[in-house]
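Chemist: Would you mind keeping the following structure in view while I ask a few things?
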Amino acid sequence: MSEYIALKYYFDKELALRLSDLIQPQYPSFSKCNFVDTVRAEVDDKELKARVEVIADALKKYLPEDYEEALTILLNILGPENKTEEGMFTKGYFLMPVAFFVEKYGLDHFDSSFQAMYEITKRHTAEYAIRPYLMMDVDHCMNYFPYWIKDSNSHVRRLVSEGTRPRLPWAKKMNPLKNDLQNNFYLLEQLMYDSSRYVQKSVANHINDLTKEDPEEVLKWMQQYISNNEKINSGIIKNGLRTLIKSEDEHAMELVHQVEQGV
């Protein structure tokens, strides 16, 4: 993808053709012409998210009516996993409509949709697709997270942190899990020592989100965490408290000084 062309312009006839070519070997009765014509007719005056939704809706229209059957076809076109920690929105951009298909149409098929998001996020990302599921049944979602946190794939581990962020960019604001920051803290604590800087960055961004919800509670948790752990990732803490540091919050600055000095 060229960096000089707005991302939205890749969600057009050419992407519809690319998806069609991937789908037809899996589903020979797929109506390539109708699918491409539908996308071409509806995307021109729309912005990125609306274009993605047009394509997802067209997939819904021309794939089998049964969600599970349609999902199986889509999972078969995902391609190889992304072995790097970049490229989700460049190399993997063509899967955005697939993720949106799961986001919009899969809520009545919770477990199969979660398995799909697990696979999608290893190639693109499911950080947006997962949010309606969290809003519908956070307890069901939480059953998966202990396994995902220990997954060998850093994209999967990152999804636990990034997908549950209260203020994920380009996404609707979401309350802390079960309206209790302790549930967010529980997940983040298990990722604080993650070996991936990609995951570490997400954890820090998540903490920063939480400081905008309840800074006193975050600082109390952070103080307890520092007191109870000998090995501390000072970068996560400093980045996670950056909004409070910028506002010159004395407690936040003292905590950062404490971990930097190894106190």
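Going through the structure tokens in order, the chains are called A, B, and so on, while each chain numbers its residues from 1 and the ligands are numbered from 1 in the order shown.
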From the DSSP assignment of the backbone, select every residue of segment 17-160 of chain A that is alpha helix (DSSP H), and format the answer as JSON, numbers by chain.
Modeler: {"A": [17, 18, 19, 20, 21, 22, 23, 32, 33, 34, 35, 36, 37, 38, 39, 40, 41, 42, 43, 48, 49, 50, 51, 52, 53, 54, 55, 56, 57, 58, 59, 60, 61, 62, 67, 68, 69, 70, 71, 72, 73, 74, 75, 96, 97, 98, 99, 100, 101, 102, 103, 104, 105, 110, 111, 112, 113, 114, 115, 116, 117, 118, 119, 120, 131, 132, 133, 134, 135, 136, 138, 139, 140, 141, 142, 143, 144, 145, 146, 147, 148, 149, 154, 155, 156, 157, 158, 159, 160]}
Chemist: Enumerate, in order of chain and increasing residue number, the residues of segment 221-244 of chain A with an atom no farther than 10 Å from segment 165-188 of chain A, each with its shortest atom pair and distance in Å to one decimal, counting only C-alpha atoms, as CSV.
Modeler:
```
residue,atom,partner,partner_atom,distance
A:Trp221,CA,A:Phe185,CA,7.8
A:Met222,CA,A:Phe185,CA,9.3
A:Tyr225,CA,A:Phe185,CA,9.9
```
Chemist: Would you mind telling me which residue in A:Val259, A:Lys60, A:Pro146, A:Ile236 lies nearest to Tyr105 of chain A when using only C-alpha atoms?
Modeler: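 Checking each of A:Val259, A:Lys60, A:Pro146, A:Ile236 against Tyr105 of chain A, counting only C-alpha atoms, the winner is A:Lys60.
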Chemist: Find the spatial neighbours of Ile73 of chain A, counting only C-alpha atoms, within a cut-off of 9 Å - ignore same-chain residues fewer than 3 positions away - and output them as a list of chain:residue names.
Modeler: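 My reading of the contact set: A:Ile23, A:Gln26, A:Tyr27, A:Leu63, A:Glu68, A:Glu69, A:Ala70, A:Asn76, A:Ile77.
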Chemist: Choose the residue, out of A:Pro97, A:Gly106, A:Pro215, A:Pro64, that has the smallest atom-to-atom separation from Ala252 of chain A; count only C-alpha atoms.
Modeler: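 Of all the options, A:Pro215 lies closest to Ala252 of chain A.
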